[in-house]
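Colleague: Below you'll find structure-v2.csv; it's CSV, C-alpha atoms.
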```csv
chain,number,residue,atom,x,y,z
W,1,MET,CA,11.3,0.4,19.3
W,2,SER,CA,13.8,-0.2,16.5
W,3,MET,CA,15.1,-2.4,13.8
W,4,ASP,CA,18.8,-3.3,14.2
W,5,THR,CA,21.4,-3.8,11.4
W,6,MET,CA,20.7,-7.5,11.3
W,7,GLY,CA,17.0,-6.8,10.5
W,8,ALA,CA,15.5,-8.0,13.7
W,9,ILE,CA,12.2,-6.1,14.3
W,10,SER,CA,10.6,-5.5,17.7
W,11,SER,CA,6.8,-5.8,17.9
W,12,GLU,CA,4.2,-3.0,18.4
W,13,MET,CA,6.5,-0.4,16.7
W,14,SER,CA,5.1,2.7,15.2
W,15,SER,CA,7.4,4.4,12.7
W,16,SER,CA,7.0,7.5,10.5
W,17,TYR,CA,8.5,7.8,7.1
W,18,ALA,CA,8.9,11.1,5.2
W,19,ASP,CA,11.6,10.5,2.4
W,20,SER,CA,12.6,7.9,-0.1
W,21,GLN,CA,15.3,6.4,2.1
W,22,SER,CA,12.7,5.9,4.9
W,23,ARG,CA,10.1,4.6,2.4
W,24,THR,CA,12.7,2.0,1.4
W,25,GLU,CA,13.0,1.1,5.1
W,26,ALA,CA,9.3,0.9,5.4
W,27,LEU,CA,9.2,-1.4,2.4
W,28,GLU,CA,11.9,-3.6,4.0
W,29,ARG,CA,10.0,-3.8,7.3
W,30,LEU,CA,6.8,-4.9,5.5
W,31,ARG,CA,8.8,-7.3,3.4
W,32,TYR,CA,10.2,-8.8,6.6
W,33,LEU,CA,6.7,-9.4,7.9
W,34,GLY,CA,5.7,-11.1,4.6
W,35,GLN,CA,8.7,-13.4,4.8
W,36,ASN,CA,8.1,-14.4,8.4
W,37,GLY,CA,4.4,-14.9,8.8
W,38,ARG,CA,3.8,-11.6,10.7
W,39,ASN,CA,0.9,-9.1,10.4
W,40,GLY,CA,1.3,-5.4,9.9
W,41,ILE,CA,-0.6,-2.2,9.0
W,42,LEU,CA,0.5,0.6,6.7
W,43,THR,CA,-1.2,3.9,7.4
W,44,GLY,CA,-1.0,7.4,6.0
W,45,THR,CA,-3.2,10.2,4.7
W,46,SER,CA,-4.6,10.0,1.1
W,47,GLY,CA,-1.9,10.5,-1.5
W,48,THR,CA,1.1,9.7,0.6
W,49,GLY,CA,2.0,6.6,-1.5
W,50,LYS,CA,0.5,3.6,0.4
W,51,THR,CA,-0.9,1.9,-2.7
W,52,TRP,CA,2.4,2.5,-4.6
W,53,LEU,CA,4.4,1.0,-1.7
W,54,LEU,CA,2.1,-2.0,-1.6
W,55,GLN,CA,2.6,-2.6,-5.3
W,56,GLN,CA,6.4,-2.6,-4.8
W,57,LEU,CA,5.9,-4.9,-1.8
W,58,VAL,CA,4.0,-7.4,-3.9
W,59,LYS,CA,6.8,-7.5,-6.5
W,60,GLN,CA,9.5,-7.9,-3.9
W,61,LEU,CA,7.7,-10.7,-2.0
W,62,ARG,CA,7.1,-12.6,-5.2
W,63,ARG,CA,10.8,-12.4,-6.1
W,64,ASP,CA,11.4,-13.8,-2.6
W,65,GLY,CA,9.3,-16.8,-3.4
W,66,VAL,CA,6.3,-15.8,-1.3
W,67,ALA,CA,2.9,-16.6,-2.7
W,68,VAL,CA,1.0,-13.2,-2.7
W,69,ALA,CA,-2.7,-12.4,-3.0
W,70,TYR,CA,-3.5,-8.7,-3.4
W,71,LEU,CA,-7.0,-7.5,-2.6
W,72,ASN,CA,-8.6,-4.0,-2.7
W,73,LEU,CA,-11.4,-3.8,-0.1
W,74,ASN,CA,-12.8,-0.5,-1.3
W,75,GLY,CA,-16.5,-0.8,-0.9
W,76,VAL,CA,-16.4,-4.5,-0.1
W,77,GLY,CA,-18.8,-5.9,2.5
W,78,GLY,CA,-19.0,-9.1,4.5
W,79,PRO,CA,-21.0,-11.3,2.1
W,80,GLU,CA,-18.5,-10.5,-0.7
W,81,ILE,CA,-15.2,-11.1,1.0
W,82,ALA,CA,-15.2,-14.9,0.8
W,83,HIS,CA,-15.8,-14.8,-2.9
W,84,GLN,CA,-13.1,-12.2,-3.3
W,85,PHE,CA,-10.5,-14.4,-1.6
W,86,ALA,CA,-11.6,-17.5,-3.4
W,87,ALA,CA,-11.2,-15.6,-6.7
W,88,ARG,CA,-7.7,-14.3,-5.8
W,89,LEU,CA,-6.6,-17.8,-4.8
W,90,GLY,CA,-7.8,-19.2,-8.1
W,91,LEU,CA,-10.2,-21.7,-6.5
W,92,GLY,CA,-12.6,-21.6,-9.5
W,93,VAL,CA,-15.6,-20.7,-7.4
W,94,SER,CA,-18.5,-19.0,-9.2
W,95,PHE,CA,-19.8,-15.7,-7.8
W,96,GLN,CA,-23.2,-17.4,-7.9
W,97,ALA,CA,-22.0,-20.1,-5.5
W,98,ALA,CA,-23.7,-20.1,-2.1
W,99,GLU,CA,-21.6,-18.5,0.6
W,100,TYR,CA,-21.3,-21.7,2.7
W,101,GLU,CA,-19.8,-23.5,-0.4
W,102,VAL,CA,-17.2,-20.8,-0.8
W,103,TRP,CA,-16.2,-21.0,2.9
W,104,ALA,CA,-15.9,-24.8,2.5
W,105,ARG,CA,-13.6,-24.4,-0.4
W,106,LEU,CA,-11.5,-21.9,1.5
W,107,GLN,CA,-11.3,-24.3,4.4
W,108,ASP,CA,-10.1,-27.1,2.1
W,109,TYR,CA,-7.5,-24.7,0.7
W,110,THR,CA,-6.1,-23.8,4.1
W,111,GLU,CA,-5.9,-27.4,5.1
W,112,ALA,CA,-3.9,-28.1,1.9
W,113,ALA,CA,-1.7,-25.1,2.4
W,114,LYS,CA,-0.5,-26.4,5.7
W,115,HIS,CA,1.5,-29.0,3.8
W,116,ILE,CA,3.1,-26.4,1.5
W,117,ARG,CA,6.4,-24.9,2.7
W,118,ARG,CA,6.0,-21.8,0.6
W,119,PRO,CA,5.0,-18.8,2.7
W,120,ILE,CA,1.8,-17.0,1.9
W,121,ALA,CA,1.1,-13.2,2.2
W,122,PHE,CA,-2.2,-11.4,1.8
W,123,VAL,CA,-1.8,-7.8,0.9
W,124,ILE,CA,-5.0,-5.9,1.7
W,125,ASP,CA,-5.4,-2.3,0.5
W,126,HIS,CA,-8.1,0.3,1.5
W,127,LEU,CA,-9.1,-1.5,4.7
W,128,ASP,CA,-10.7,1.8,5.9
W,129,ARG,CA,-12.9,2.0,2.8
W,130,ALA,CA,-14.4,-1.5,3.4
W,131,LYS,CA,-17.9,-1.8,4.9
W,132,GLU,CA,-18.0,-2.5,8.6
W,133,SER,CA,-19.5,-5.9,7.9
W,134,VAL,CA,-16.1,-7.0,6.5
W,135,PHE,CA,-14.3,-7.2,9.8
W,136,SER,CA,-15.9,-10.4,11.1
W,137,PRO,CA,-15.4,-12.6,8.0
W,138,LEU,CA,-11.9,-11.1,7.6
W,139,SER,CA,-11.0,-12.1,11.1
W,140,ARG,CA,-12.4,-15.6,10.4
W,141,LEU,CA,-10.2,-15.8,7.3
W,142,MET,CA,-7.1,-14.8,9.3
W,143,ASP,CA,-7.9,-17.4,11.9
W,144,MET,CA,-8.4,-20.1,9.2
W,145,PHE,CA,-5.1,-19.5,7.6
W,146,GLY,CA,-3.2,-19.4,10.9
W,147,GLU,CA,0.1,-18.1,11.9
W,148,ARG,CA,2.1,-19.3,8.9
W,149,CYS,CA,0.4,-16.6,6.7
W,150,SER,CA,1.2,-12.9,6.7
W,151,TRP,CA,-1.5,-10.2,6.5
W,152,LEU,CA,-0.2,-6.8,5.4
W,153,LEU,CA,-3.0,-4.2,5.6
W,154,ALA,CA,-3.2,-0.6,4.4
W,155,SER,CA,-5.5,2.1,5.7
W,156,ARG,CA,-5.8,5.9,5.9
W,157,GLU,CA,-6.3,7.2,9.5
W,158,ILE,CA,-7.4,4.5,12.0
W,159,ASN,CA,-10.9,6.0,12.7
W,160,GLY,CA,-13.9,4.3,14.3
W,161,GLU,CA,-14.0,1.9,17.1
W,162,ARG,CA,-14.5,-1.2,15.0
W,163,LEU,CA,-11.5,-0.5,12.7
W,164,ASN,CA,-9.3,0.6,15.7
W,165,THR,CA,-10.1,-2.6,17.6
W,166,PHE,CA,-9.5,-4.8,14.5
W,167,VAL,CA,-6.1,-3.1,13.9
W,168,SER,CA,-5.0,-3.4,17.5
W,169,ASP,CA,-6.0,-7.0,17.7
W,170,ARG,CA,-4.6,-8.1,14.4
W,171,SER,CA,-1.4,-6.0,13.7
W,172,TRP,CA,2.0,-6.8,15.1
W,173,LEU,CA,3.7,-3.8,13.5
W,174,ARG,CA,2.4,-0.4,12.3
W,175,VAL,CA,4.2,1.7,9.7
W,176,GLU,CA,3.0,5.3,9.0
W,177,LEU,CA,3.7,7.2,5.9
W,178,LEU,CA,4.0,11.0,6.3
W,179,PRO,CA,3.9,13.6,3.5
W,180,LEU,CA,7.1,14.2,1.7
W,181,LEU,CA,9.6,16.8,2.9
W,182,PRO,CA,10.5,19.7,0.5
W,183,MET,CA,13.9,18.1,-0.2
W,184,GLU,CA,12.3,14.8,-1.1
W,185,SER,CA,9.7,16.5,-3.3
W,186,ALA,CA,12.7,18.0,-5.2
W,187,ARG,CA,14.1,14.5,-5.8
W,188,VAL,CA,10.8,13.1,-7.0
W,189,LEU,CA,10.2,16.1,-9.3
W,190,ASN,CA,13.6,15.8,-10.9
W,191,LYS,CA,13.4,12.1,-11.2
W,192,VAL,CA,10.1,12.2,-13.1
W,193,SER,CA,11.5,15.0,-15.3
W,194,SER,CA,14.7,13.0,-16.0
W,195,GLN,CA,12.6,10.2,-17.4
W,196,GLN,CA,11.1,12.5,-20.1
W,197,ALA,CA,12.8,13.5,-23.3
W,198,PRO,CA,13.9,16.2,-23.4
W,199,ALA,CA,14.5,16.5,-19.6
W,200,ALA,CA,13.9,19.8,-17.8
W,201,MET,CA,15.3,20.6,-14.3
W,202,TYR,CA,13.3,22.4,-11.6
W,203,THR,CA,14.4,25.8,-10.3
W,204,THR,CA,14.2,26.4,-6.6
W,205,ASP,CA,10.9,28.4,-6.9
W,206,GLY,CA,9.6,25.6,-9.1
W,207,VAL,CA,10.1,23.0,-6.4
W,208,VAL,CA,8.6,25.3,-3.8
W,209,ALA,CA,5.5,25.9,-5.9
W,210,ALA,CA,5.1,22.1,-6.7
W,211,HIS,CA,5.6,21.0,-3.1
W,212,GLU,CA,3.1,23.6,-1.8
W,213,PHE,CA,0.4,22.5,-4.3
W,214,ALA,CA,0.9,18.8,-3.7
W,215,ALA,CA,1.2,19.3,0.1
W,216,GLY,CA,3.8,16.6,0.1
W,217,ARG,CA,1.5,14.0,-1.3
W,218,LEU,CA,3.5,11.6,-3.5
W,219,ARG,CA,0.6,10.8,-5.9
W,220,GLN,CA,-0.3,14.4,-6.5
W,221,LEU,CA,3.3,15.4,-6.9
W,222,ARG,CA,4.0,12.8,-9.6
W,223,HIS,CA,0.9,13.8,-11.5
W,224,LEU,CA,2.0,17.4,-11.4
W,225,ALA,CA,5.5,16.5,-12.4
W,226,GLU,CA,4.3,14.7,-15.5
W,227,LEU,CA,2.1,17.6,-16.6
W,228,ALA,CA,4.9,20.1,-15.9
W,229,SER,CA,7.3,18.1,-18.1
W,230,MET,CA,4.8,18.1,-20.9
W,231,ALA,CA,4.3,21.9,-20.5
W,232,ALA,CA,8.1,22.4,-20.6
W,233,GLU,CA,8.3,20.4,-23.8
W,234,VAL,CA,5.5,22.3,-25.4
W,235,GLU,CA,7.1,25.7,-24.5
W,236,GLU,CA,10.6,24.4,-25.4
W,237,VAL,CA,12.2,25.3,-22.1
W,238,ASP,CA,14.8,23.4,-20.2
W,239,ALA,CA,13.9,24.7,-16.7
W,240,ILE,CA,10.6,24.3,-14.8
W,241,THR,CA,10.0,27.5,-12.9
W,242,GLY,CA,7.5,28.5,-10.3
W,243,GLU,CA,5.6,30.4,-12.9
W,244,LEU,CA,5.3,27.3,-15.2
W,245,VAL,CA,4.3,25.1,-12.2
W,246,ARG,CA,1.6,27.6,-11.2
W,247,SER,CA,0.2,27.6,-14.7
W,248,VAL,CA,-0.1,23.8,-14.6
W,249,THR,CA,-1.7,23.8,-11.1
W,250,THR,CA,-4.2,26.4,-12.3
W,251,GLU,CA,-5.1,24.0,-15.1
W,252,ILE,CA,-5.4,21.0,-12.7
W,253,ALA,CA,-7.6,23.0,-10.3
W,254,GLY,CA,-9.9,24.0,-13.2
W,255,ARG,CA,-10.6,20.4,-14.2
```
Is it possible to give me this structure as C-alpha cells?

Modeller:
Amino acid sequence: MSMDTMGAISSEMSSSYADSQSRTEALERLRYLGQNGRNGILTGTSGTGKTWLLQQLVKQLRRDGVAVAYLNLNGVGGPEIAHQFAARLGLGVSFQAAEYEVWARLQDYTEAAKHIRRPIAFVIDHLDRAKESVFSPLSRLMDMFGERCSWLLASREINGERLNTFVSDRSWLRVELLPLLPMESARVLNKVSSQQAPAAMYTTDGVVAAHEFAAGRLRQLRHLAELASMAAEVEEVDAITGELVRSVTTEIAGR
C-alpha cells in the first residue's frame, strides 16, 4: 500500500524506514494522521529513534494548529491513566481525587471538545512499557473522544496477545523504524560533528567502527558522535578515525 504524491494514504499500511529521507516520510505520514483524525502506531526496536520522531511530530502538529497532548506510559497502570490524561489536558484535577470524579471531568471535556473545530491529537509513547491494566481504560478514553481525535502510539515490538489485539483494533496505519544503514550513519555522525567547534570529519574506518558499535541505533550513534567529537577536540585532531572511535566505545562499555 502506498502514499501518492498528493499525500493520500491507504489504510492498514506497514512501512519500513531506514534513512533520514524515509524518517521524514514517516514523520509526514504520522502528521497526516494527526491532522485528519486517524490513529497510527510507530514501532521499532530500542534506540531506533521513536521518541525523537514523536518529539518532532509534536512540534509539527502544534505548528499546524493541532492541540497535542503527549503522554509517556512507561510503568503506567489502569488506575493512573485517567489522572494522567486529566493532568495533560489541564483540567485541574488533583491526584487525590476519586477515579470516578476524574472520569466525569474527562467526559465533560470531551463533550465540550465536540464544539471546538481545532483538531486534537494524543501522542502516546512507550505503549509496550505500560502495565496490561492500561488497555481497558485507554480504549475507553479513545471511545470517549471519538473519531475527531487522533491517537498516535509508539511501541517497540508488538509482543503479547493483549498488546497485539489492542494495536490491531485501534491502529489504522503502522510505521516501522529500522536501524540506520551505514550510509545514513555516516550522515548522522558528520552532522553531529559539524555542529561542534572545531568540527572533525569521520574517516571511512571511523564510520564503520561507529556504525558497528551502535548497530544502526540512532540514539546510541548520536551519543557516540558527541563523545567522539569531544575526544577529537581534546586530542586536537581534525579526523575521527576508527582507532579514536574504538577508544571512545571502550570507555562507554566500561561505564

Colleague: Taking only C-alpha atoms into account, produce a table as a Markdown table in which each residue of segment 154-180 of chain W with an atom at most 9 Å from an atom of segment 25-49 of chain W appears once, together with its shortest atom pair and the distance in Å to one decimal, ordered by chain and rising number.

Modeller:
```
| residue | atom | partner | partner_atom | distance |
| --- | --- | --- | --- | --- |
| W:Ala154 | CA | W:Leu42 | CA | 4.5 |
| W:Ser155 | CA | W:Thr43 | CA | 5.0 |
| W:Arg156 | CA | W:Gly44 | CA | 5.0 |
| W:Glu157 | CA | W:Gly44 | CA | 6.4 |
| W:Ile158 | CA | W:Thr43 | CA | 7.7 |
| W:Val167 | CA | W:Ile41 | CA | 7.4 |
| W:Arg170 | CA | W:Asn39 | CA | 6.9 |
| W:Ser171 | CA | W:Gly40 | CA | 4.7 |
| W:Trp172 | CA | W:Asn39 | CA | 5.3 |
| W:Leu173 | CA | W:Gly40 | CA | 4.6 |
| W:Arg174 | CA | W:Ile41 | CA | 4.8 |
| W:Val175 | CA | W:Leu42 | CA | 4.9 |
| W:Glu176 | CA | W:Thr43 | CA | 4.7 |
| W:Leu177 | CA | W:Gly44 | CA | 4.7 |
| W:Leu178 | CA | W:Gly44 | CA | 6.2 |
| W:Pro179 | CA | W:Thr48 | CA | 5.6 |
| W:Leu180 | CA | W:Thr48 | CA | 7.6 |
```

Colleague: Next, write the just-selected residues to a file, as a JSON list (two decimals), keeping the file's coordinate frame, keeping C-alpha atoms as the atom set.

Modeller:
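And here is the file that came out, part.json:
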```
[["chain", "number", "residue", "atom", "x", "y", "z"],
["W", 154, "ALA", "CA", -3.20, -0.60, 4.40],
["W", 155, "SER", "CA", -5.50, 2.10, 5.70],
["W", 156, "ARG", "CA", -5.80, 5.90, 5.90],
["W", 157, "GLU", "CA", -6.30, 7.20, 9.50],
["W", 158, "ILE", "CA", -7.40, 4.50, 12.00],
["W", 167, "VAL", "CA", -6.10, -3.10, 13.90],
["W", 170, "ARG", "CA", -4.60, -8.10, 14.40],
["W", 171, "SER", "CA", -1.40, -6.00, 13.70],
["W", 172, "TRP", "CA", 2.00, -6.80, 15.10],
["W", 173, "LEU", "CA", 3.70, -3.80, 13.50],
["W", 174, "ARG", "CA", 2.40, -0.40, 12.30],
["W", 175, "VAL", "CA", 4.20, 1.70, 9.70],
["W", 176, "GLU", "CA", 3.00, 5.30, 9.00],
["W", 177, "LEU", "CA", 3.70, 7.20, 5.90],
["W", 178, "LEU", "CA", 4.00, 11.00, 6.30],
["W", 179, "PRO", "CA", 3.90, 13.60, 3.50],
["W", 180, "LEU", "CA", 7.10, 14.20, 1.70]]
```

Colleague: From the set W:Ala209, W:Arg187, W:Thr51, W:Gln220, which residue has the shortest atom-to-atom contact distance to Thr241 of chain W, counting all atoms listed in the file?

Modeller: W:Ala209

Colleague: Between atom CA of Val134 of chain W and atom CA of Ile120 of chain W, what distance in Å does the model show, to one decimal?

Modeller: 21.0 Å

Colleague: So the first atom is atom CA of Ala113 of chain W and the second is atom CA of Ala86 of chain W; what is the distance between them in Å, to one decimal place?

Modeller: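 Value for the atom CA of Ala113 of chain W-atom CA of Ala86 of chain W distance: 13.8 Å.
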
Colleague: By how many Å are atom CA of Leu71 of chain W and atom CA of Ile124 of chain W apart?

Modeller: 5.0 Å

Colleague: Could you check which of W:Arg222, W:Arg148, W:His83, W:Arg88 is closest to Lys114 of chain W, using all atoms listed in the file?

Modeller: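 Among the listed residues, W:Arg148 lies closest to Lys114 of chain W.
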
Colleague: Just checking: using all atoms listed in the file, which residue out of W:Val208, W:Arg219, W:Phe122, W:Asn74 ends up closest to Cys149 of chain W?

Modeller: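 For Cys149 of chain W, the nearest of the given residues is W:Phe122.
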
Colleague: With all atoms listed in the file as the atoms that count, which of W:Ala87, W:Val245, W:Leu61, W:Val207 lies nearest to Asn190 of chain W?

Modeller: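 Ranking W:Ala87, W:Val245, W:Leu61, W:Val207 by distance to Asn190 of chain W, first place goes to W:Val207.
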
Colleague: Restricting the calculation to only C-alpha atoms, which member of W:Leu57, W:Met201, W:Ile81, W:Met230 is positioned closest to Ser139 of chain W?

Modeller: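 Looking at the shortest contact to Ser139 of chain W, the residue is W:Ile81.
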
Colleague: Would you mind telling me which residue in W:Glu235, W:Ala97, W:Glu184, W:Leu153 lies nearest to Leu53 of chain W when using only C-alpha atoms?

Modeller: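 Counting only C-alpha atoms, the residue closest to Leu53 of chain W is W:Leu153.
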
Colleague: Supply segment 23-48 of chain W as a short mmCIF file (atom, residue, chain, number, x, y, z; two decimals), keeping the file's coordinate frame, with N, CA, C and O atoms built in where the input has gaps.

Modeller:
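Just written: out.cif:
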```cif
data_model
loop_
_atom_site.label_atom_id
_atom_site.label_comp_id
_atom_site.auth_asym_id
_atom_site.auth_seq_id
_atom_site.Cartn_x
_atom_site.Cartn_y
_atom_site.Cartn_z
N ARG W 23 11.12 5.43 3.04
CA ARG W 23 10.10 4.60 2.40
C ARG W 23 10.73 3.25 2.00
O ARG W 23 10.07 2.22 2.04
N THR W 24 12.01 3.26 1.65
CA THR W 24 12.70 2.00 1.40
C THR W 24 12.76 1.17 2.67
O THR W 24 12.55 -0.05 2.65
N GLU W 25 13.00 1.83 3.78
CA GLU W 25 13.00 1.10 5.10
C GLU W 25 11.64 0.58 5.40
O GLU W 25 11.51 -0.54 5.90
N ALA W 26 10.62 1.38 5.12
CA ALA W 26 9.30 0.90 5.40
C ALA W 26 8.95 -0.31 4.54
O ALA W 26 8.34 -1.28 5.03
N LEU W 27 9.39 -0.29 3.28
CA LEU W 27 9.20 -1.40 2.40
C LEU W 27 9.89 -2.67 2.95
O LEU W 27 9.34 -3.78 2.95
N GLU W 28 11.10 -2.48 3.47
CA GLU W 28 11.90 -3.60 4.00
C GLU W 28 11.21 -4.17 5.28
O GLU W 28 11.23 -5.38 5.52
N ARG W 29 10.64 -3.32 6.08
CA ARG W 29 10.00 -3.80 7.30
C ARG W 29 8.73 -4.64 6.92
O ARG W 29 8.51 -5.72 7.49
N LEU W 30 7.95 -4.17 5.96
CA LEU W 30 6.80 -4.90 5.50
C LEU W 30 7.20 -6.22 4.83
O LEU W 30 6.56 -7.26 4.98
N ARG W 31 8.29 -6.15 4.10
CA ARG W 31 8.80 -7.30 3.40
C ARG W 31 9.23 -8.39 4.47
O ARG W 31 9.00 -9.58 4.30
N TYR W 32 9.86 -7.92 5.53
CA TYR W 32 10.20 -8.80 6.60
C TYR W 32 9.02 -9.55 7.19
O TYR W 32 9.05 -10.75 7.44
N LEU W 33 7.94 -8.81 7.37
CA LEU W 33 6.70 -9.40 7.90
C LEU W 33 6.19 -10.48 6.93
O LEU W 33 5.79 -11.58 7.34
N GLY W 34 6.20 -10.15 5.64
CA GLY W 34 5.70 -11.10 4.60
C GLY W 34 6.51 -12.35 4.55
O GLY W 34 5.98 -13.42 4.25
N GLN W 35 7.79 -12.24 4.83
CA GLN W 35 8.70 -13.40 4.80
C GLN W 35 8.56 -14.28 6.01
O GLN W 35 8.91 -15.46 5.96
N ASN W 36 8.08 -13.69 7.10
CA ASN W 36 8.10 -14.40 8.40
C ASN W 36 6.79 -14.62 9.05
O ASN W 36 6.73 -14.87 10.26
N GLY W 37 5.72 -14.54 8.30
CA GLY W 37 4.40 -14.90 8.80
C GLY W 37 3.90 -13.92 9.90
O GLY W 37 3.23 -14.33 10.85
N ARG W 38 4.21 -12.63 9.75
CA ARG W 38 3.80 -11.60 10.70
C ARG W 38 2.72 -10.71 10.04
O ARG W 38 2.67 -10.58 8.82
N ASN W 39 1.94 -10.04 10.86
CA ASN W 39 0.90 -9.10 10.40
C ASN W 39 1.32 -7.68 10.62
O ASN W 39 1.95 -7.37 11.64
N GLY W 40 0.96 -6.79 9.69
CA GLY W 40 1.30 -5.40 9.90
C GLY W 40 0.25 -4.49 9.21
O GLY W 40 -0.54 -4.92 8.38
N ILE W 41 0.28 -3.21 9.58
CA ILE W 41 -0.60 -2.20 9.00
C ILE W 41 0.17 -1.02 8.55
O ILE W 41 1.03 -0.51 9.26
N LEU W 42 -0.09 -0.60 7.33
CA LEU W 42 0.50 0.60 6.70
C LEU W 42 -0.52 1.68 6.73
O LEU W 42 -1.60 1.52 6.16
N THR W 43 -0.22 2.82 7.36
CA THR W 43 -1.20 3.90 7.40
C THR W 43 -0.57 5.19 6.85
O THR W 43 0.64 5.32 6.71
N GLY W 44 -1.45 6.14 6.54
CA GLY W 44 -1.00 7.40 6.00
C GLY W 44 -2.19 8.12 5.34
O GLY W 44 -3.12 7.46 4.88
N THR W 45 -2.15 9.43 5.28
CA THR W 45 -3.20 10.20 4.70
C THR W 45 -3.28 9.90 3.18
O THR W 45 -2.32 9.39 2.58
N SER W 46 -4.38 10.26 2.55
CA SER W 46 -4.60 10.00 1.10
C SER W 46 -3.48 10.68 0.30
O SER W 46 -3.14 11.84 0.52
N GLY W 47 -2.91 9.92 -0.64
CA GLY W 47 -1.90 10.50 -1.50
C GLY W 47 -0.49 10.35 -1.07
O GLY W 47 0.43 10.77 -1.78
N THR W 48 -0.23 9.76 0.09
CA THR W 48 1.10 9.70 0.60
C THR W 48 1.90 8.50 -0.01
O THR W 48 3.10 8.36 0.23
#
```
